[in-house]
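query_23.txt, holding compact mmCIF, C-alpha atoms:
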```
# COMPACT_ATOMS: atom_id res chain seq x y z
CA MET J 79 -80.01 167.01 -89.20
CA PRO J 80 -77.25 167.20 -91.84
CA SER J 81 -77.34 164.44 -94.40
CA LEU J 82 -74.26 162.45 -95.34
CA VAL J 83 -73.93 161.39 -98.93
CA GLN J 84 -71.14 159.24 -100.31
CA PHE J 85 -69.93 158.97 -103.86
CA LEU J 86 -67.29 156.73 -105.41
CA PRO J 87 -65.92 158.31 -108.61
CA PHE J 88 -62.77 156.52 -109.74
CA PHE J 89 -61.14 155.29 -106.54
CA PHE J 90 -62.03 158.32 -104.41
CA LEU J 91 -64.74 158.46 -101.79
CA VAL J 92 -66.31 161.85 -101.19
CA SER J 93 -68.66 162.94 -98.43
CA PHE J 94 -70.45 166.21 -97.73
CA SER J 95 -71.98 167.57 -94.56
CA ILE J 96 -74.83 169.72 -95.78
CA SER J 97 -78.28 170.76 -94.69
CA HIS J 98 -80.35 171.02 -97.85
CA GLY J 99 -79.82 167.90 -99.91
CA PRO J 100 -76.93 166.17 -101.67
CA PHE J 101 -75.14 167.56 -104.71
CA LEU J 102 -71.66 167.80 -106.10
CA PRO J 103 -69.92 171.14 -105.57
CA LYS J 104 -69.83 173.59 -108.47
CA VAL J 105 -66.90 175.64 -107.21
CA ILE J 106 -64.13 174.88 -104.75
CA ILE J 107 -62.20 177.79 -103.29
CA LEU J 108 -58.98 177.60 -101.30
CA PRO J 109 -58.05 180.84 -99.53
CA VAL J 110 -54.54 182.18 -100.16
CA ASN J 111 -52.72 184.66 -97.94
CA LYS J 112 -49.35 186.23 -98.69
CA ASP J 113 -46.80 185.80 -95.92
CA PRO J 114 -45.22 189.27 -95.46
CA SER J 115 -41.81 188.03 -94.31
CA THR J 116 -41.13 185.37 -96.96
CA PHE J 117 -43.43 186.63 -99.78
CA GLN J 118 -44.74 183.08 -100.04
CA TYR J 119 -48.38 182.32 -100.81
CA VAL J 120 -49.98 180.19 -98.12
CA THR J 121 -53.26 178.31 -98.20
CA GLN J 122 -55.11 176.15 -95.70
CA VAL J 123 -56.63 172.72 -96.25
CA ARG J 124 -57.88 170.06 -93.85
CA MET J 125 -56.05 166.77 -93.46
CA GLY J 126 -56.65 163.47 -91.70
CA THR J 127 -59.77 161.84 -90.27
CA ASN J 128 -60.18 164.82 -87.95
CA LEU J 129 -59.86 167.20 -90.92
CA SER J 130 -57.30 169.26 -89.02
CA PRO J 131 -56.52 172.71 -90.50
CA THR J 132 -53.14 172.52 -92.24
CA LYS J 133 -51.22 175.45 -93.73
CA LEU J 134 -49.35 174.79 -96.97
CA VAL J 135 -47.20 176.94 -99.26
CA VAL J 136 -48.58 177.08 -102.80
CA ASP J 137 -46.28 175.73 -105.53
CA LEU J 138 -47.78 176.25 -108.98
CA SER J 139 -45.37 173.70 -110.46
CA GLY J 140 -45.46 171.16 -107.64
CA SER J 141 -46.22 167.53 -108.50
CA PHE J 142 -48.26 166.74 -105.39
CA LEU J 143 -49.06 167.74 -101.83
CA TRP J 144 -46.38 166.93 -99.28
CA PHE J 145 -46.37 167.83 -95.62
CA SER J 146 -45.08 166.88 -92.21
CA CYS J 147 -48.18 164.92 -91.43
CA GLY J 148 -47.68 163.14 -88.13
CA LEU J 149 -50.97 161.39 -88.88
CA THR J 150 -51.87 158.01 -87.53
CA SER J 151 -54.78 157.63 -89.93
CA HIS J 152 -52.91 157.72 -93.24
CA LYS J 153 -52.24 154.57 -95.26
CA ILE J 154 -49.10 153.90 -97.27
CA VAL J 155 -49.63 153.19 -100.98
CA PRO J 156 -48.00 149.95 -102.21
CA CYS J 157 -45.58 150.04 -105.09
CA SER J 158 -47.51 147.72 -107.41
CA SER J 159 -50.77 149.68 -107.25
CA LEU J 160 -52.50 151.80 -109.88
CA LYS J 161 -52.27 154.78 -107.54
CA CYS J 162 -48.50 154.43 -107.42
CA SER J 163 -48.25 154.35 -111.20
CA MET J 164 -50.26 157.59 -111.37
CA ALA J 165 -47.61 159.22 -109.18
CA LYS J 166 -44.80 158.24 -111.59
CA PRO J 167 -42.65 157.06 -108.67
CA ASN J 168 -38.89 157.32 -108.59
CA GLY J 169 -38.50 153.89 -107.06
CA CYS J 170 -39.75 151.51 -104.41
CA THR J 171 -38.50 151.11 -100.87
CA ASN J 172 -37.29 147.81 -99.43
CA ASN J 173 -40.79 147.35 -98.03
CA LYS J 174 -42.24 147.66 -101.54
CA ILE J 175 -43.74 151.06 -100.75
CA CYS J 176 -44.27 153.65 -103.49
CA GLY J 177 -41.44 156.18 -103.35
CA VAL J 178 -41.76 159.80 -104.55
CA GLN J 179 -39.26 162.65 -104.47
CA GLN J 180 -40.19 165.64 -102.33
CA VAL J 181 -38.52 168.96 -103.12
CA ASN J 182 -38.36 172.18 -101.14
CA PRO J 183 -37.85 174.73 -103.95
CA PHE J 184 -36.71 177.46 -101.56
CA THR J 185 -33.82 175.54 -99.99
CA LYS J 186 -33.32 173.24 -103.03
CA VAL J 187 -33.37 170.27 -100.62
CA ALA J 188 -34.84 167.02 -101.94
CA ALA J 189 -35.85 163.94 -99.99
CA GLN J 190 -37.28 160.51 -100.69
CA GLY J 191 -40.84 160.21 -99.44
CA GLU J 192 -43.57 157.60 -99.40
CA LEU J 193 -46.85 158.01 -101.22
CA ALA J 194 -49.76 157.92 -98.78
CA GLU J 195 -53.52 158.48 -98.71
CA ASP J 196 -55.90 159.97 -96.19
CA MET J 197 -58.87 162.29 -95.87
CA PHE J 198 -58.58 165.77 -97.36
CA GLY J 199 -61.05 168.59 -96.78
CA VAL J 200 -61.78 171.62 -98.95
CA GLU J 201 -64.30 174.43 -98.94
CA PHE J 202 -66.97 174.61 -101.62
CA ILE J 203 -69.80 176.95 -102.54
CA ASP J 204 -73.31 175.52 -102.80
CA GLU J 205 -75.68 176.47 -105.60
CA LEU J 206 -77.70 178.66 -103.26
CA LYS J 207 -74.51 180.54 -102.27
CA THR J 208 -75.47 180.34 -98.61
CA GLY J 209 -71.84 180.11 -97.60
CA SER J 210 -68.98 177.65 -97.48
CA ILE J 211 -69.23 173.93 -96.76
CA ILE J 212 -66.53 171.35 -96.14
CA ALA J 213 -66.24 168.56 -98.70
CA SER J 214 -64.01 165.69 -97.61
CA ILE J 215 -62.20 163.43 -100.07
CA HIS J 216 -61.24 160.00 -98.80
CA GLN J 217 -58.10 158.38 -100.17
CA PHE J 218 -56.52 161.68 -101.25
CA LEU J 219 -52.95 161.03 -102.41
CA PHE J 220 -50.03 162.93 -100.88
CA SER J 221 -46.63 162.32 -99.32
CA CYS J 222 -45.53 162.57 -95.69
CA ALA J 223 -42.33 164.55 -95.23
CA SER J 224 -39.69 164.96 -92.56
CA THR J 225 -39.84 168.16 -90.52
CA SER J 226 -36.32 168.94 -91.78
CA LEU J 227 -37.85 169.65 -95.20
CA LEU J 228 -39.89 172.53 -93.74
CA GLN J 229 -36.88 174.83 -93.41
CA GLY J 230 -37.41 178.06 -95.34
CA LEU J 231 -41.20 177.80 -95.47
CA ALA J 232 -43.49 180.51 -94.12
CA ARG J 233 -44.14 180.41 -90.40
CA GLY J 234 -46.75 177.79 -89.52
CA ALA J 235 -46.61 176.05 -92.90
CA LYS J 236 -46.46 172.25 -92.67
CA GLY J 237 -45.63 171.52 -96.30
CA MET J 238 -46.40 172.45 -99.89
CA LEU J 239 -49.43 172.18 -102.15
CA GLY J 240 -48.58 171.23 -105.74
CA LEU J 241 -50.72 172.52 -108.62
CA GLY J 242 -48.73 171.03 -111.50
CA TYR J 243 -49.67 168.74 -114.39
CA SER J 244 -49.24 165.53 -112.36
CA ARG J 245 -52.22 163.19 -112.03
CA ILE J 246 -51.83 163.39 -108.25
CA ALA J 247 -51.48 167.18 -108.05
CA LEU J 248 -54.50 168.92 -106.56
CA PRO J 249 -56.18 170.04 -109.83
CA SER J 250 -56.27 166.51 -111.22
CA GLN J 251 -57.47 164.92 -107.98
CA LEU J 252 -60.30 167.46 -107.71
CA SER J 253 -61.17 166.88 -111.37
CA ASP J 254 -61.28 163.10 -110.96
CA THR J 255 -63.32 163.35 -107.78
CA PHE J 256 -65.89 166.02 -108.56
CA GLY J 257 -66.12 165.70 -112.32
CA PHE J 258 -64.75 169.18 -112.97
CA GLN J 259 -62.90 169.99 -116.14
CA ARG J 260 -59.18 169.55 -115.54
CA LYS J 261 -58.53 173.23 -114.94
CA PHE J 262 -58.12 175.71 -112.11
CA ALA J 263 -57.52 179.40 -111.57
CA ILE J 264 -55.34 181.42 -109.23
CA CYS J 265 -55.97 184.96 -108.13
CA LEU J 266 -53.17 186.20 -105.85
CA SER J 267 -52.84 189.48 -104.03
CA SER J 268 -50.63 191.18 -101.47
CA SER J 269 -53.22 190.19 -98.85
CA ASN J 270 -56.02 187.69 -99.53
CA GLY J 271 -56.50 185.71 -102.73
CA ALA J 272 -57.78 182.34 -103.86
CA ILE J 273 -57.23 179.12 -105.78
CA ILE J 274 -60.44 178.24 -107.60
CA SER J 275 -61.50 174.97 -109.17
CA GLY J 276 -64.82 174.32 -110.84
CA GLU J 277 -67.00 175.67 -113.59
CA SER J 278 -66.41 179.01 -115.32
CA PRO J 279 -69.14 180.98 -113.46
CA TYR J 280 -66.56 181.34 -110.68
CA LEU J 281 -65.50 184.45 -112.56
CA SER J 282 -68.59 186.16 -111.16
CA LEU J 283 -67.37 185.53 -107.61
CA LEU J 284 -65.26 188.65 -108.01
CA GLY J 285 -68.47 190.65 -108.13
CA HIS J 286 -67.66 191.45 -111.79
CA ASP J 287 -67.84 189.40 -114.94
CA VAL J 288 -64.19 189.57 -115.95
CA SER J 289 -64.50 186.92 -118.68
CA ARG J 290 -64.60 189.65 -121.34
CA SER J 291 -61.21 190.85 -120.15
CA MET J 292 -59.60 187.42 -120.56
CA LEU J 293 -57.11 186.63 -123.28
CA TYR J 294 -55.85 183.13 -124.05
CA THR J 295 -52.46 181.75 -124.98
CA PRO J 296 -51.12 178.17 -125.32
CA LEU J 297 -49.28 176.59 -122.43
CA VAL J 298 -45.95 175.13 -123.50
CA SER J 299 -45.44 171.57 -122.30
CA SER J 300 -42.63 171.21 -119.76
CA ARG J 301 -43.44 168.32 -117.45
CA GLU J 302 -44.83 169.91 -114.28
CA GLU J 303 -44.01 173.56 -114.92
CA TYR J 304 -46.20 176.07 -116.72
CA TYR J 305 -44.55 177.93 -119.60
CA ILE J 306 -45.91 180.38 -122.14
CA ASN J 307 -44.44 181.47 -125.46
CA VAL J 308 -43.38 185.12 -125.21
CA LYS J 309 -42.39 186.45 -128.63
CA SER J 310 -41.16 189.91 -127.67
CA ILE J 311 -41.08 192.56 -124.94
CA LYS J 312 -42.30 196.12 -125.32
CA ILE J 313 -41.76 199.16 -123.10
CA SER J 314 -44.23 202.00 -123.62
CA GLY J 315 -45.21 200.38 -126.90
CA LYS J 316 -41.68 200.11 -128.29
CA LYS J 317 -40.35 196.64 -129.07
CA LEU J 318 -36.95 195.81 -127.57
CA SER J 319 -34.17 194.49 -129.79
CA LEU J 320 -33.52 191.07 -128.25
CA ASN J 321 -32.25 187.67 -129.31
CA THR J 322 -35.69 186.09 -129.82
CA SER J 323 -34.22 182.58 -129.88
CA LEU J 324 -33.85 182.87 -126.10
CA PHE J 325 -37.63 183.00 -125.79
CA THR J 326 -37.99 179.52 -127.29
CA MET J 327 -37.49 176.45 -125.13
CA ASP J 328 -34.87 174.07 -126.51
CA GLU J 329 -34.89 170.27 -126.35
CA GLU J 330 -33.15 170.33 -122.98
CA GLY J 331 -35.76 172.62 -121.44
CA ASN J 332 -33.66 175.78 -121.48
CA GLY J 333 -35.25 179.08 -122.43
CA GLY J 334 -38.92 179.99 -122.55
CA THR J 335 -41.04 181.93 -120.07
CA LYS J 336 -42.14 180.21 -116.86
CA ILE J 337 -44.91 181.25 -114.47
CA SER J 338 -43.99 180.72 -110.81
CA THR J 339 -45.43 181.26 -107.35
CA ILE J 340 -42.03 180.43 -105.84
CA PHE J 341 -40.15 183.43 -107.23
CA PRO J 342 -41.38 186.59 -105.44
CA PHE J 343 -40.43 188.82 -108.38
CA THR J 344 -39.96 188.33 -112.10
CA THR J 345 -36.41 187.47 -113.12
CA MET J 346 -34.78 187.57 -116.54
CA LYS J 347 -31.70 185.88 -117.91
CA SER J 348 -28.84 188.38 -117.72
CA SER J 349 -28.55 188.90 -121.48
CA ILE J 350 -32.24 189.86 -121.67
CA TYR J 351 -32.22 191.87 -118.45
CA LYS J 352 -29.32 194.09 -119.52
CA THR J 353 -31.15 195.23 -122.65
CA PHE J 354 -34.42 195.54 -120.76
CA VAL J 355 -33.19 197.77 -117.92
CA GLU J 356 -31.14 200.01 -120.19
CA ALA J 357 -34.26 200.70 -122.24
CA TYR J 358 -36.49 200.99 -119.18
CA GLU J 359 -34.30 203.64 -117.56
CA LYS J 360 -34.34 205.72 -120.72
CA PHE J 361 -38.13 205.61 -120.88
CA ALA J 362 -38.42 206.29 -117.14
CA ILE J 363 -36.16 209.33 -117.25
CA SER J 364 -37.94 210.63 -120.36
CA ILE J 365 -41.23 210.86 -118.45
CA GLY J 366 -39.63 212.60 -115.48
CA LEU J 367 -38.76 209.76 -113.08
CA THR J 368 -35.70 210.37 -110.90
CA LYS J 369 -33.25 207.60 -110.05
CA VAL J 370 -32.28 207.16 -106.39
CA GLU J 371 -29.97 204.86 -104.47
CA ASN J 372 -30.87 201.22 -104.95
CA ILE J 373 -32.34 199.13 -102.13
CA ALA J 374 -31.59 195.40 -102.15
CA PRO J 375 -32.65 193.13 -103.72
CA PHE J 376 -33.74 195.67 -106.32
CA GLY J 377 -31.26 197.05 -108.82
CA HIS J 378 -33.17 200.08 -110.06
CA CYS J 379 -35.04 202.45 -107.76
CA PHE J 380 -36.80 205.76 -108.32
CA SER J 381 -38.21 208.63 -106.32
CA THR J 382 -41.98 208.71 -105.87
CA LYS J 383 -41.97 212.51 -105.66
CA GLY J 384 -44.25 214.01 -108.27
CA VAL J 385 -45.30 210.63 -109.69
CA ASP J 386 -49.02 210.39 -110.36
CA VAL J 387 -50.80 207.34 -108.98
CA THR J 388 -53.63 205.85 -111.06
CA LYS J 389 -55.98 202.93 -110.47
CA VAL J 390 -53.29 200.65 -111.93
CA GLY J 391 -50.48 202.05 -109.79
CA PRO J 392 -47.79 204.68 -110.30
CA ASN J 393 -47.62 206.28 -113.73
CA VAL J 394 -44.49 204.55 -115.06
CA PRO J 395 -43.61 202.95 -118.41
CA ILE J 396 -46.03 200.14 -119.32
CA LEU J 397 -44.55 196.72 -120.06
CA ASP J 398 -45.99 194.26 -122.58
CA LEU J 399 -45.11 190.60 -122.93
CA VAL J 400 -46.23 189.95 -126.50
CA LEU J 401 -47.46 186.39 -126.99
CA GLN J 402 -48.65 184.59 -130.12
CA SER J 403 -49.64 187.83 -131.86
CA GLU J 404 -49.57 191.59 -131.35
CA MET J 405 -53.22 191.32 -130.28
CA VAL J 406 -52.41 189.00 -127.37
CA LYS J 407 -50.14 190.55 -124.79
CA TRP J 408 -49.75 190.38 -121.02
CA ARG J 409 -49.72 194.03 -119.97
CA ILE J 410 -47.88 194.97 -116.77
CA TYR J 411 -48.81 198.33 -115.25
CA GLY J 412 -47.04 200.24 -112.48
CA LYS J 413 -48.85 198.38 -109.70
CA ASN J 414 -47.17 195.15 -110.82
CA SER J 415 -43.91 196.49 -112.23
CA MET J 416 -42.99 198.68 -109.25
CA VAL J 417 -42.53 197.77 -105.57
CA LYS J 418 -43.11 200.50 -103.01
CA VAL J 419 -40.31 200.24 -100.46
CA SER J 420 -41.08 203.50 -98.64
CA ASP J 421 -43.17 206.64 -99.06
CA GLU J 422 -40.27 208.20 -100.96
CA VAL J 423 -38.89 205.27 -102.97
CA MET J 424 -40.24 202.70 -105.42
CA CYS J 425 -38.15 200.06 -107.14
CA LEU J 426 -38.46 198.10 -110.37
CA GLY J 427 -39.73 194.67 -109.33
CA LEU J 428 -37.98 192.77 -112.11
CA LEU J 429 -34.57 191.32 -111.31
CA ASP J 430 -31.48 189.90 -112.97
CA GLY J 431 -31.77 186.11 -112.81
CA GLY J 432 -28.13 185.55 -113.78
CA VAL J 433 -26.49 183.86 -116.73
CA ASN J 434 -27.39 180.35 -115.58
CA GLN J 435 -31.12 180.82 -115.12
CA LYS J 436 -32.77 177.94 -116.99
CA ALA J 437 -35.86 179.85 -118.13
CA SER J 438 -35.24 183.04 -120.07
CA ILE J 439 -37.95 184.75 -118.03
CA VAL J 440 -39.65 183.67 -114.81
CA ILE J 441 -42.83 185.62 -114.10
CA GLY J 442 -42.89 185.88 -110.31
CA GLY J 443 -45.51 186.47 -107.66
CA HIS J 444 -45.54 190.27 -107.57
CA GLN J 445 -46.31 190.41 -111.29
CA LEU J 446 -49.07 187.78 -110.88
CA GLU J 447 -50.94 189.67 -108.17
CA ASP J 448 -54.42 190.93 -109.07
CA ASN J 449 -54.19 189.08 -112.38
CA LEU J 450 -56.73 186.26 -112.75
CA LEU J 451 -55.01 183.26 -114.35
CA GLU J 452 -56.90 180.17 -115.54
CA PHE J 453 -54.85 177.04 -116.27
CA ASN J 454 -56.72 174.57 -118.48
CA LEU J 455 -54.78 171.32 -118.36
CA GLY J 456 -57.19 169.62 -120.77
CA THR J 457 -56.67 172.09 -123.60
CA SER J 458 -53.20 173.32 -122.52
CA MET J 459 -54.35 176.92 -122.58
CA LEU J 460 -53.79 179.81 -120.19
CA GLY J 461 -56.46 182.46 -119.71
CA PHE J 462 -55.28 185.75 -118.21
CA THR J 463 -56.74 189.16 -117.52
CA SER J 464 -53.75 191.44 -116.90
CA SER J 465 -54.46 193.79 -114.01
CA LEU J 466 -57.95 193.49 -112.50
CA SER J 467 -57.52 197.06 -111.33
CA MET J 468 -58.52 198.08 -114.86
CA VAL J 469 -62.05 196.85 -114.07
CA GLU J 470 -61.83 198.24 -110.53
CA THR J 471 -61.68 194.94 -108.68
CA SER J 472 -58.92 192.79 -107.17
CA CYS J 473 -58.20 189.24 -106.12
CA SER J 474 -58.93 190.15 -102.50
CA ASP J 475 -62.53 190.90 -103.58
CA PHE J 476 -63.44 187.24 -104.08
CA MET J 477 -66.76 186.53 -102.43
CA PHE J 478 -66.41 184.39 -99.30
CA SER J 479 -62.62 184.83 -99.23
CA LYS J 480 -62.80 187.20 -96.29
CA GLY J 481 -64.51 184.45 -94.32
CA PHE J 482 -61.64 182.07 -95.05
CA ASN J 483 -58.90 184.09 -93.34
CA PHE J 484 -56.56 182.03 -91.17
```

Structure encoded using structure tokens:
Amino acid sequence: MPSLVQFLPFFFLVSFSISHGPFLPKVIILPVNKDPSTFQYVTQVRMGTNLSPTKLVVDLSGSFLWFSCGLTSHKIVPCSSLKCSMAKPNGCTNNKICGVQQVNPFTKVAAQGELAEDMFGVEFIDELKTGSIIASIHQFLFSCASTSLLQGLARGAKGMLGLGYSRIALPSQLSDTFGFQRKFAICLSSSNGAIISGESPYLSLLGHDVSRSMLYTPLVSSREEYYINVKSIKISGKKLSLNTSLFTMDEEGNGGTKISTIFPFTTMKSSIYKTFVEAYEKFAISIGLTKVENIAPFGHCFSTKGVDVTKVGPNVPILDLVLQSEMVKWRIYGKNSMVKVSDEVMCLGLLDGGVNQKASIVIGGHQLEDNLLEFNLGTSMLGFTSSLSMVETSCSDFMFSKGFNF
């Protein structure tokens, strides 16, 4: 018979249904699938006393989990409580209930919600690696949302899962509950990927030890969003002549380089993009690429005819985002810089973000795919690998992820 063990770290209650003795999980893995019609990244958790499967869109910068719950088991968090203060509420309702602001980043619609708590289930890997087990967290904090807020989300999604700095975002709640370091990793792909929380040996779940491929750069503080400090951009090893002041975030939060799972493709502020694409086209033509008619939303497309394909994608100019030194750079190969739109055409997957884009650069989903990213909220450091294709693996190769398909 399975044993049921209960723990009470902080104010959370955790229970495990297992068959070979009680222990805290070492690694928690949430499966992530890419929705082909919206390009959104969707995961599945379990909510409520029945631990019902619930699809959520992943928001790297989100403050907390919100969804159209329809649960009868959840409890509303009162305004005067410690839990409410952790959520940094934006006010209290007339009934003295803790109010939080829910935001749909795709439609830009915001709504006032109420902080609630209920059971939350996640998969974890036991030490014997016999497979996945459900760990349930009692009193998990989230917000119930109106169904009207679901507009624009991937089909079947009931809300959004926030992975931001907030003390009630998923990484912090898992850390407080299971005693993990306050860090997590994402490994996205065009098919199956994962969100991973736990100890560093999760790197071996790819079937390769990719820790030697990891570089580290400081995360720049910006409330919930994750920014890094890009110093310069190179194309095929040549540094672009750009106004480097745009790369630095000012006191009002303008500028800098943001990492986002909401943007499907990387975007650049118009002044940066103009210089970038002019240089890119020159390099592309110099190595024999042929421009073809553009296909929306892409502004620069090329013929695939005669283009060699390597393990890191089509042989096109290599991009480097140079970080704190010339030795630390995020390298973007053809697999991540180009988007194949047909057998004959590929397009540059970096777009003009306009003159009013707040961040100078937003690194979007396509450029994140098959790059393992580790966000350490305790040390404010980002670990990154650049393309895993260089070590002949991918984010869809995570052990157990194929069993998590939904």

Report summary line: Across J:Asp196, J:Glu404, J:Glu422, J:Asp430, the smallest distance to J:Lys317, with only C-alpha atoms counted, is shown by J:Glu404

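Residue nearest J:Val135 within the list J:Ile264, J:Val469, J:Met164, J:Val110: J:Val110 [criterion: smallest interatomic distance, only C-alpha atoms].
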
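Atom CA of J:Val355 is found 13.9 Å from atom CA of J:Gly432.
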
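Take the candidates J:Pro103, J:Pro167, J:Pro342, J:Gly240 and check each one against J:Gly140 using only C-alpha atoms; the shortest distance goes to J:Gly240.
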
Requested in this report: Rank J:Val394, J:Leu231, J:Ile350, J:Met468 by their smallest atom-to-atom distance to J:Gly366, using all atoms listed in the file, and report the top residue only.
Outcome: J:Val394

Query - Neighbour list for J:Ala263 as a list in words, cut-off 9 Å, all atoms listed in the file, skip fewer than 5 positions in-chain - result: Ala272, Ile273, Ile274, Ser275, Gly276, Leu450, Leu451, Glu452, Phe453, Asn454 and Gly461 of chain J

Query - Contact residues around stretch 175-183 of chain J with all atoms listed in the file at 9 Å, ignoring same-chain residues under 5 positions, as a ChimeraX atom specification - result: /J:137,140-142,144,154-159,162-163,165-170,188-194,221,223,227-231,237-238,340

Output C-alpha atoms of each residue in that selection to a file, as a PDB file, keeping the file's coordinate frame.
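The file below, selection-v4.pdb, is the result:
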```pdb
ATOM      1  CA  ASP J 137     -46.280 175.730-105.530  1.00  0.00           C
ATOM      2  CA  GLY J 140     -45.460 171.160-107.640  1.00  0.00           C
ATOM      3  CA  SER J 141     -46.220 167.530-108.500  1.00  0.00           C
ATOM      4  CA  PHE J 142     -48.260 166.740-105.390  1.00  0.00           C
ATOM      5  CA  TRP J 144     -46.380 166.930 -99.280  1.00  0.00           C
ATOM      6  CA  ILE J 154     -49.100 153.900 -97.270  1.00  0.00           C
ATOM      7  CA  VAL J 155     -49.630 153.190-100.980  1.00  0.00           C
ATOM      8  CA  PRO J 156     -48.000 149.950-102.210  1.00  0.00           C
ATOM      9  CA  CYS J 157     -45.580 150.040-105.090  1.00  0.00           C
ATOM     10  CA  SER J 158     -47.510 147.720-107.410  1.00  0.00           C
ATOM     11  CA  SER J 159     -50.770 149.680-107.250  1.00  0.00           C
ATOM     12  CA  CYS J 162     -48.500 154.430-107.420  1.00  0.00           C
ATOM     13  CA  SER J 163     -48.250 154.350-111.200  1.00  0.00           C
ATOM     14  CA  ALA J 165     -47.610 159.220-109.180  1.00  0.00           C
ATOM     15  CA  LYS J 166     -44.800 158.240-111.590  1.00  0.00           C
ATOM     16  CA  PRO J 167     -42.650 157.060-108.670  1.00  0.00           C
ATOM     17  CA  ASN J 168     -38.890 157.320-108.590  1.00  0.00           C
ATOM     18  CA  GLY J 169     -38.500 153.890-107.060  1.00  0.00           C
ATOM     19  CA  CYS J 170     -39.750 151.510-104.410  1.00  0.00           C
ATOM     20  CA  ALA J 188     -34.840 167.020-101.940  1.00  0.00           C
ATOM     21  CA  ALA J 189     -35.850 163.940 -99.990  1.00  0.00           C
ATOM     22  CA  GLN J 190     -37.280 160.510-100.690  1.00  0.00           C
ATOM     23  CA  GLY J 191     -40.840 160.210 -99.440  1.00  0.00           C
ATOM     24  CA  GLU J 192     -43.570 157.600 -99.400  1.00  0.00           C
ATOM     25  CA  LEU J 193     -46.850 158.010-101.220  1.00  0.00           C
ATOM     26  CA  ALA J 194     -49.760 157.920 -98.780  1.00  0.00           C
ATOM     27  CA  SER J 221     -46.630 162.320 -99.320  1.00  0.00           C
ATOM     28  CA  ALA J 223     -42.330 164.550 -95.230  1.00  0.00           C
ATOM     29  CA  LEU J 227     -37.850 169.650 -95.200  1.00  0.00           C
ATOM     30  CA  LEU J 228     -39.890 172.530 -93.740  1.00  0.00           C
ATOM     31  CA  GLN J 229     -36.880 174.830 -93.410  1.00  0.00           C
ATOM     32  CA  GLY J 230     -37.410 178.060 -95.340  1.00  0.00           C
ATOM     33  CA  LEU J 231     -41.200 177.800 -95.470  1.00  0.00           C
ATOM     34  CA  GLY J 237     -45.630 171.520 -96.300  1.00  0.00           C
ATOM     35  CA  MET J 238     -46.400 172.450 -99.890  1.00  0.00           C
ATOM     36  CA  ILE J 340     -42.030 180.430-105.840  1.00  0.00           C
TER      37      ILE J 340
END
```

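The space separating atom CA of J:Gly431 from atom CA of J:Lys347 comes to 5.1 Å.
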
Report task. Counting all atoms listed in the file, figure out which residue out of J:Ala235, J:Leu426, J:Ala213, J:Leu252 gets nearest to J:Val370. Result -> J:Leu426

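In this model, the gap between atom CA of J:Phe117 and atom CA of J:Cys147 comes to 23.7 Å.
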
**Report entry** Long-range neighbours of J:Asn307 as an MDAnalysis selection string, 8 Å cut-off, only C-alpha atoms, 5 positions minimum in chain
**Finding:** chainID J and resid 296:298 325:326 334:335 401:402

Query - Neighbour list for J:Gly427 as a PyMOL selection string, cut-off 8 Å, all atoms listed in the file, skip fewer than 2 positions in-chain - result: chain J and resi 343-344+376+414-417+425+429+444

Requested in this report: Using all atoms listed in the file, collect all residues at a distance of at most 10 Å from (-45.1, 199.9, -127.6) as written in the file, then present them as a PyMOL selection string.
Outcome: chain J and resi 311-318+395-398

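Among the candidate residues J:Cys265, J:Leu241, J:Val406, J:Met346, the one lying nearest to J:Asn434 is J:Met346, with distances computed using all atoms listed in the file.
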
Query raised in the report: Could you list as number ranges by chain every residue that has an atom within 8 Å of (-57.5, 163.4, -88.1), using the file's coordinates and counting all atoms listed in the file?
Result: J: 125-130, 149-151, 197

Given 8 Å on each side, where is the centre and what are the edge lengths in Å to one decimal of the axis-aligned box enclosing the listed atoms of stretch 259-271 of chain J, as AutoDock Vina command-line options?
```
--center_x -56.8 --center_y 180.4 --center_z -107.5 --size_x 28.3 --size_y 37.6 --size_z 33.3
```
